[in-house]
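Here's the structure, in structure tokens; my notes come after.
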Amino acid sequence: MKKRTVLLVVLLAVALLIVGCGPKKGGSVSTDGSTSMEKVIGALGEAFMKDNEGTTFTYNPTGSGSGIEAVKAGRCDIGLASRALKEEEKADGLVETTLALDGIAMIVSPENPVGDLTLEQIADIYTGAITNWKDVGGNDAEIVVIGREAGSGTRDGFESVTKTKDKCAYRQELTSTGDVITTVSSNPDAIGYASLASVKDSVKAVAVGGVAPSEDTVRDGSYKLQRPFVLVTKKDGKLSETAQKFFDFVTSNKANDIISKSGVVPVK
Amino acid sequence: MIGEREITVTAQESARRKRIERIIHGIFLMLGLITVGCVLLITIYLVISGIPAMRTIGLKEFLFGQKWASTAAEPKYGILPFILTSIYGTAGAIVLGVPIGFFAAVYIAKIAKGRIRWLLQSAVGMLAGVPSVVYGLVGMMVLVPGIRKLFKVPDGASLLASIIVLAVMILPSIIKVSVTALEAVPQEYEEASLAMGATPIETYFRVSVPAAKSGIAAAVVLGVGRAIGEAMAVMMVAGNAPNMPSLFESVRFLTTAVASEMSYSSGLQRQALFSIALVLYFFIMLINAALNFFLKRGNVKQS
């Protein structure tokens, strides 16, 4: 009998819990778009929900292109794109607000004497036009080109900035930033790309066009290998109260800490 | 009178026991069916989600296409490089691993005594328990730079590195199953051989090994199964570029093709990954059938 009572209490508690977690009153904000922004937008959404109890935040990772389509068609409140809007998209009545900048560092082994590459040289290395380090001022050794797997946001960002989409001849395609860094650190002839925030001392980040990568050079735009993370909204459409609140929150100074922690550079 | 009552009680009792027996039997049956259900569920799911992409791409293009570029503007979905890499990689691991495993098994089962035997057996047990990510990590940190220096190639992440890692990984399964098979050989066989004047080594290789032949074959097939299904460790040492297999080139296996692209995939790319999984599943099924064949042949012989 005692056991049964205990069971009943537990069941009741569980039932209450489930009811408690159900849809609450309060607004919701939906975002849709870039998979590269998953980390930063997820962290922001979590913080927003914590501060505004009762609101729900959703994020649909579909890719920049479909995120822009979604906001145009009104299927979401805010579209997320990891590139600047094109002129024709702006002409369609869309507005971009840059949330953060994502710097992509070109990394080589610390033993590698090469410390500076131009964007063209990087593109040539990745497409296979340059295959030896001596052509860019290094040792006489074959360049080992390390990249990320198809579909990776960093790869997408890198290939769009260097205009090497579908043309890269990778020696290795690794599935995480950490793998790229480890591989590059253990091979003096390797070159790889990785999100700036995750670069460690075990590798050397080379300057691109004479500009060393750092938060400052990414922010002022002098470091070229970067891409913006933008929030896309409609010019004439008004955001719902909650969505506006979310928009104000993520573009305020308060969000900077969260943005930096997600590995990207806040613009303010 | 008293005797009669006792008999009725026992009859009731036995009926009750039978009922309980049946209920327990039913429970066990259900638990057993869960396994069958899982297999069926996976098979059906894989077939349903694997077929559409093969249809869209075309079976011939899919299986024999030499180029894989799933996210290109004009995507190409040819998995021949993956199939060949998986076959070559597994074959290489067998060529390296089977001799080592076989002789180690003969040594453990027949020759080694006392503490050495204990030491070897626990080492094999430990090797079996090492998680595959650890094999991959050691391979990545030690083997890959090692191959680069030793063979003077620009990069060590290659088919060769994967073969070596896989060879080590299949050792425990080969050794364990072979040892069991060798130990099951009736002692009379060996005694008879020794009594005829054969030396112990002659006896092991002329009598014990042939008698345990089907068990050892099963061990090899088990090793093949383990090698072809391994993803994590090879993903860390193979380089994962979708090249046609070559010993010092970066290659991609069937398993790693699925694992490396799954997280960001969408649309036809994702469907194609399921199709790769289906092909892999088909290979595993073949290997299982081979395993059953060898095991059954072993049983028939012994009875």
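Order determines the names: the first chain of the structure tokens is A, the second B, and so forth; residues in each chain are numbered 1 upward, and ligands are numbered 1 upward as they are shown.
Using only C-alpha atoms, the protein and nucleic acid residues lying no more than 9 Å from range 65-70 of chain A, apart from those fewer than 5 places from it along its own chain, are Thr31, Asp32, Gly33, Ser34, Asn60, Arg75, Cys76, Asp77, Ile78, Gly79, Leu80, Ala81, Leu85, Glu89, Leu94, Val232 and Thr233 of chain A.
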**Request:** Kindly provide, as a ChimeraX atom specification, the residues of chain A having any atom no farther than 7 Å from an atom of chain B, counting only C-alpha atoms.
**Result:** /A:142,144,149-152,166,170-175,186-187
Export of the given selection (N, CA and C atoms) as a short mmCIF file (atom, residue, chain, number, x, y, z; two decimals), in the first residue's frame:
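As written to disk, part23.cif reads:
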```cif
data_model
loop_
_atom_site.label_atom_id
_atom_site.label_comp_id
_atom_site.auth_asym_id
_atom_site.auth_seq_id
_atom_site.Cartn_x
_atom_site.Cartn_y
_atom_site.Cartn_z
N GLU A 142 55.90 20.45 -50.32
CA GLU A 142 54.55 20.43 -50.86
C GLU A 142 53.56 20.95 -49.82
N VAL A 144 50.24 21.00 -47.86
CA VAL A 144 49.17 20.06 -47.52
C VAL A 144 47.93 20.88 -47.16
N GLU A 149 34.61 19.63 -43.86
CA GLU A 149 33.72 18.79 -44.65
C GLU A 149 32.68 19.63 -45.39
N ALA A 150 32.15 19.07 -46.47
CA ALA A 150 31.12 19.76 -47.23
C ALA A 150 29.95 20.09 -46.31
N GLY A 151 29.43 21.29 -46.42
CA GLY A 151 28.30 21.67 -45.59
C GLY A 151 28.71 22.47 -44.36
N SER A 152 30.00 22.45 -44.02
CA SER A 152 30.45 23.19 -42.85
C SER A 152 30.33 24.69 -43.10
N ASP A 166 33.54 25.12 -54.75
CA ASP A 166 33.55 23.91 -55.58
C ASP A 166 34.88 23.70 -56.32
N TYR A 170 41.16 19.60 -51.67
CA TYR A 170 41.59 19.34 -50.29
C TYR A 170 42.40 18.06 -50.20
N ARG A 171 43.42 18.10 -49.38
CA ARG A 171 44.14 16.88 -49.05
C ARG A 171 43.39 16.17 -47.91
N GLN A 172 42.91 16.94 -46.98
CA GLN A 172 42.13 16.35 -45.89
C GLN A 172 40.87 17.17 -45.65
N GLU A 173 39.77 16.48 -45.43
CA GLU A 173 38.53 17.15 -45.04
C GLU A 173 38.17 16.68 -43.65
N LEU A 174 38.34 17.55 -42.68
CA LEU A 174 38.12 17.15 -41.30
C LEU A 174 36.79 17.68 -40.81
N THR A 175 36.26 17.04 -39.76
CA THR A 175 34.89 17.37 -39.37
C THR A 175 34.78 18.34 -38.22
N SER A 186 50.52 19.45 -36.20
CA SER A 186 51.44 18.31 -36.23
C SER A 186 52.08 18.13 -37.60
N ASN A 187 51.80 19.01 -38.55
CA ASN A 187 52.40 18.88 -39.88
C ASN A 187 52.96 20.23 -40.33
#
```
**Item:** Residue neighbourhood Pro188 in chain A, 8 Å, only C-alpha atoms, exclusion window fewer than 2 positions, as a list in words
**Value:** Val108, Ser109, Pro110, Glu111, Asn112, Val184, Ser185, Ser186 and Ala190 of chain A
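Here the DSSP assignment of strand (DSSP E or B), based on backbone atoms, applies within range 11-250 of chain B to Trp68, Ala69, Lys76, Tyr77 and Gly239 of chain B.
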**Request:** Please identify all polymer residues within 8 Å of Thr242 in chain A, counting only C-alpha atoms, omitting same-chain residues fewer than 4 positions from it, and present them as a PyMOL selection string.
**Result:** chain A and resi 27-29+55+246
Mind checking DSSP for range 177-231 of chain B and telling me the helix (DSSP H, G or I) residues as a short mmCIF file (atom, residue, chain, number, x, y, z; two decimals) with N, CA and C atoms, in the first residue's frame?
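part.cif written:
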```cif
data_model
loop_
_atom_site.label_atom_id
_atom_site.label_comp_id
_atom_site.auth_asym_id
_atom_site.auth_seq_id
_atom_site.Cartn_x
_atom_site.Cartn_y
_atom_site.Cartn_z
N VAL B 177 38.35 -15.21 -30.61
CA VAL B 177 37.54 -16.27 -31.21
C VAL B 177 38.42 -17.45 -31.60
N SER B 178 39.63 -17.15 -32.13
CA SER B 178 40.53 -18.24 -32.52
C SER B 178 40.97 -19.04 -31.29
N VAL B 179 41.26 -18.36 -30.20
CA VAL B 179 41.69 -19.06 -28.98
C VAL B 179 40.57 -20.00 -28.52
N THR B 180 39.34 -19.50 -28.52
CA THR B 180 38.22 -20.35 -28.10
C THR B 180 38.12 -21.58 -29.00
N ALA B 181 38.27 -21.36 -30.31
CA ALA B 181 38.17 -22.49 -31.24
C ALA B 181 39.30 -23.49 -31.01
N LEU B 182 40.51 -22.98 -30.79
CA LEU B 182 41.65 -23.87 -30.59
C LEU B 182 41.54 -24.64 -29.28
N GLU B 183 40.99 -23.97 -28.26
CA GLU B 183 40.86 -24.64 -26.97
C GLU B 183 39.79 -25.72 -27.00
N GLN B 187 41.33 -32.90 -26.60
CA GLN B 187 42.72 -33.16 -26.23
C GLN B 187 43.24 -34.48 -26.82
N GLU B 188 42.31 -35.44 -27.02
CA GLU B 188 42.72 -36.75 -27.54
C GLU B 188 43.42 -36.62 -28.88
N TYR B 189 42.92 -35.70 -29.73
CA TYR B 189 43.54 -35.49 -31.05
C TYR B 189 45.02 -35.21 -30.88
N GLU B 190 45.30 -34.23 -29.99
CA GLU B 190 46.68 -33.80 -29.81
C GLU B 190 47.51 -34.90 -29.16
N GLU B 191 46.90 -35.54 -28.19
CA GLU B 191 47.63 -36.62 -27.51
C GLU B 191 48.00 -37.72 -28.50
N ALA B 192 47.05 -38.04 -29.36
CA ALA B 192 47.31 -39.08 -30.36
C ALA B 192 48.46 -38.68 -31.26
N SER B 193 48.43 -37.41 -31.69
CA SER B 193 49.48 -36.91 -32.57
C SER B 193 50.84 -36.95 -31.88
N LEU B 194 50.86 -36.53 -30.62
CA LEU B 194 52.12 -36.54 -29.87
C LEU B 194 52.62 -37.97 -29.69
N ALA B 195 51.69 -38.89 -29.42
CA ALA B 195 52.06 -40.29 -29.22
C ALA B 195 52.63 -40.91 -30.49
N PRO B 200 55.50 -31.00 -30.61
CA PRO B 200 54.35 -30.17 -30.23
C PRO B 200 53.97 -29.18 -31.33
N ILE B 201 54.97 -28.48 -31.93
CA ILE B 201 54.65 -27.48 -32.95
C ILE B 201 53.95 -28.13 -34.14
N GLU B 202 54.48 -29.27 -34.57
CA GLU B 202 53.84 -30.03 -35.66
C GLU B 202 52.40 -30.34 -35.30
N THR B 203 52.21 -30.78 -34.06
CA THR B 203 50.87 -31.13 -33.61
C THR B 203 49.92 -29.93 -33.70
N TYR B 204 50.41 -28.74 -33.22
CA TYR B 204 49.53 -27.56 -33.21
C TYR B 204 49.11 -27.20 -34.63
N PHE B 205 50.07 -27.20 -35.56
CA PHE B 205 49.75 -26.71 -36.89
C PHE B 205 49.15 -27.77 -37.81
N ARG B 206 49.44 -29.07 -37.53
CA ARG B 206 48.92 -30.12 -38.40
C ARG B 206 47.61 -30.71 -37.87
N VAL B 207 47.42 -30.62 -36.54
CA VAL B 207 46.24 -31.25 -35.95
C VAL B 207 45.27 -30.22 -35.37
N SER B 208 45.77 -29.40 -34.43
CA SER B 208 44.87 -28.49 -33.72
C SER B 208 44.28 -27.45 -34.67
N VAL B 209 45.15 -26.81 -35.46
CA VAL B 209 44.65 -25.72 -36.32
C VAL B 209 43.64 -26.25 -37.35
N PRO B 210 43.96 -27.36 -38.07
CA PRO B 210 42.94 -27.86 -39.00
C PRO B 210 41.63 -28.22 -38.30
N ALA B 211 41.70 -28.74 -37.09
CA ALA B 211 40.47 -29.10 -36.38
C ALA B 211 39.67 -27.86 -36.01
N LYS B 213 39.63 -25.11 -37.73
CA LYS B 213 39.62 -24.33 -38.97
C LYS B 213 38.39 -23.42 -39.10
N SER B 214 37.20 -24.02 -38.88
CA SER B 214 36.00 -23.21 -39.11
C SER B 214 35.88 -22.10 -38.07
N GLY B 215 36.33 -22.37 -36.84
CA GLY B 215 36.30 -21.33 -35.81
C GLY B 215 37.23 -20.19 -36.16
N ILE B 216 38.39 -20.53 -36.69
CA ILE B 216 39.36 -19.50 -37.07
C ILE B 216 38.83 -18.68 -38.25
N ALA B 217 38.19 -19.38 -39.20
CA ALA B 217 37.57 -18.67 -40.32
C ALA B 217 36.52 -17.69 -39.81
N ALA B 218 35.74 -18.13 -38.84
CA ALA B 218 34.72 -17.25 -38.26
C ALA B 218 35.39 -16.03 -37.62
N ALA B 219 36.55 -16.26 -36.98
CA ALA B 219 37.27 -15.15 -36.35
C ALA B 219 37.68 -14.11 -37.39
N VAL B 220 38.15 -14.60 -38.55
CA VAL B 220 38.57 -13.69 -39.60
C VAL B 220 37.37 -12.89 -40.12
N VAL B 221 36.25 -13.58 -40.32
CA VAL B 221 35.06 -12.89 -40.82
C VAL B 221 34.59 -11.84 -39.82
N LEU B 222 34.69 -12.19 -38.54
CA LEU B 222 34.32 -11.23 -37.50
C LEU B 222 35.22 -9.99 -37.58
N GLY B 223 36.50 -10.25 -37.84
CA GLY B 223 37.44 -9.14 -38.01
C GLY B 223 37.07 -8.26 -39.20
N VAL B 224 36.68 -8.90 -40.30
CA VAL B 224 36.24 -8.15 -41.48
C VAL B 224 35.06 -7.25 -41.12
N GLY B 225 34.11 -7.83 -40.38
CA GLY B 225 32.93 -7.08 -39.99
C GLY B 225 33.28 -5.87 -39.16
N ARG B 226 34.20 -6.08 -38.22
CA ARG B 226 34.59 -4.97 -37.36
C ARG B 226 35.29 -3.88 -38.19
N ALA B 227 36.16 -4.31 -39.11
CA ALA B 227 36.95 -3.34 -39.87
C ALA B 227 36.07 -2.52 -40.80
N ILE B 228 35.12 -3.18 -41.46
CA ILE B 228 34.31 -2.46 -42.46
C ILE B 228 33.33 -1.52 -41.78
N GLY B 229 32.96 -1.82 -40.54
CA GLY B 229 31.97 -0.99 -39.86
C GLY B 229 32.57 0.13 -39.03
#
```
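The two atoms in question, CA of Tyr135 in chain B and CA of Leu166 in chain B, are spaced 8.9 Å apart.
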**Message:** List as an NGL selection string the protein and nucleic acid residues near Val133 in chain B, meaning an atom at most 10 Å away when only C-alpha atoms are counted, but skip any in the same chain fewer than 2 places from it.
**Reply:** :B and (130-131 or 135-139 or 231-236)
Generate a file of the selected residues that holds N, CA and C atoms, formatted as a short mmCIF file (atom, residue, chain, number, x, y, z; two decimals), in the first residue's frame.
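So out_15.cif came out as:
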```cif
data_model
loop_
_atom_site.label_atom_id
_atom_site.label_comp_id
_atom_site.auth_asym_id
_atom_site.auth_seq_id
_atom_site.Cartn_x
_atom_site.Cartn_y
_atom_site.Cartn_z
N VAL B 130 39.51 -0.89 -25.53
CA VAL B 130 39.92 0.49 -25.85
C VAL B 130 38.88 1.11 -26.79
N PRO B 131 38.31 2.27 -26.42
CA PRO B 131 37.31 2.90 -27.30
C PRO B 131 37.94 3.31 -28.62
N TYR B 135 41.86 4.87 -30.29
CA TYR B 135 42.67 4.37 -31.40
C TYR B 135 42.90 5.50 -32.41
N GLY B 136 41.82 6.21 -32.70
CA GLY B 136 41.90 7.30 -33.67
C GLY B 136 42.85 8.39 -33.21
N LEU B 137 42.75 8.73 -31.94
CA LEU B 137 43.57 9.80 -31.38
C LEU B 137 45.05 9.43 -31.44
N VAL B 138 45.37 8.22 -31.00
CA VAL B 138 46.77 7.78 -31.03
C VAL B 138 47.24 7.74 -32.49
N GLY B 139 46.37 7.26 -33.36
CA GLY B 139 46.71 7.21 -34.78
C GLY B 139 47.01 8.60 -35.32
N ALA B 231 34.03 3.54 -37.87
CA ALA B 231 33.95 4.89 -38.43
C ALA B 231 34.87 5.88 -37.72
N MET B 232 34.74 5.92 -36.42
CA MET B 232 35.40 6.98 -35.64
C MET B 232 36.91 6.98 -35.84
N ALA B 233 37.53 5.84 -35.63
CA ALA B 233 39.00 5.80 -35.67
C ALA B 233 39.53 6.13 -37.05
N VAL B 234 38.88 5.59 -38.10
CA VAL B 234 39.40 5.86 -39.44
C VAL B 234 39.13 7.31 -39.86
N MET B 235 38.04 7.88 -39.33
CA MET B 235 37.75 9.26 -39.69
C MET B 235 38.89 10.17 -39.24
N MET B 236 39.55 9.79 -38.15
CA MET B 236 40.59 10.65 -37.60
C MET B 236 41.94 10.47 -38.31
#
```
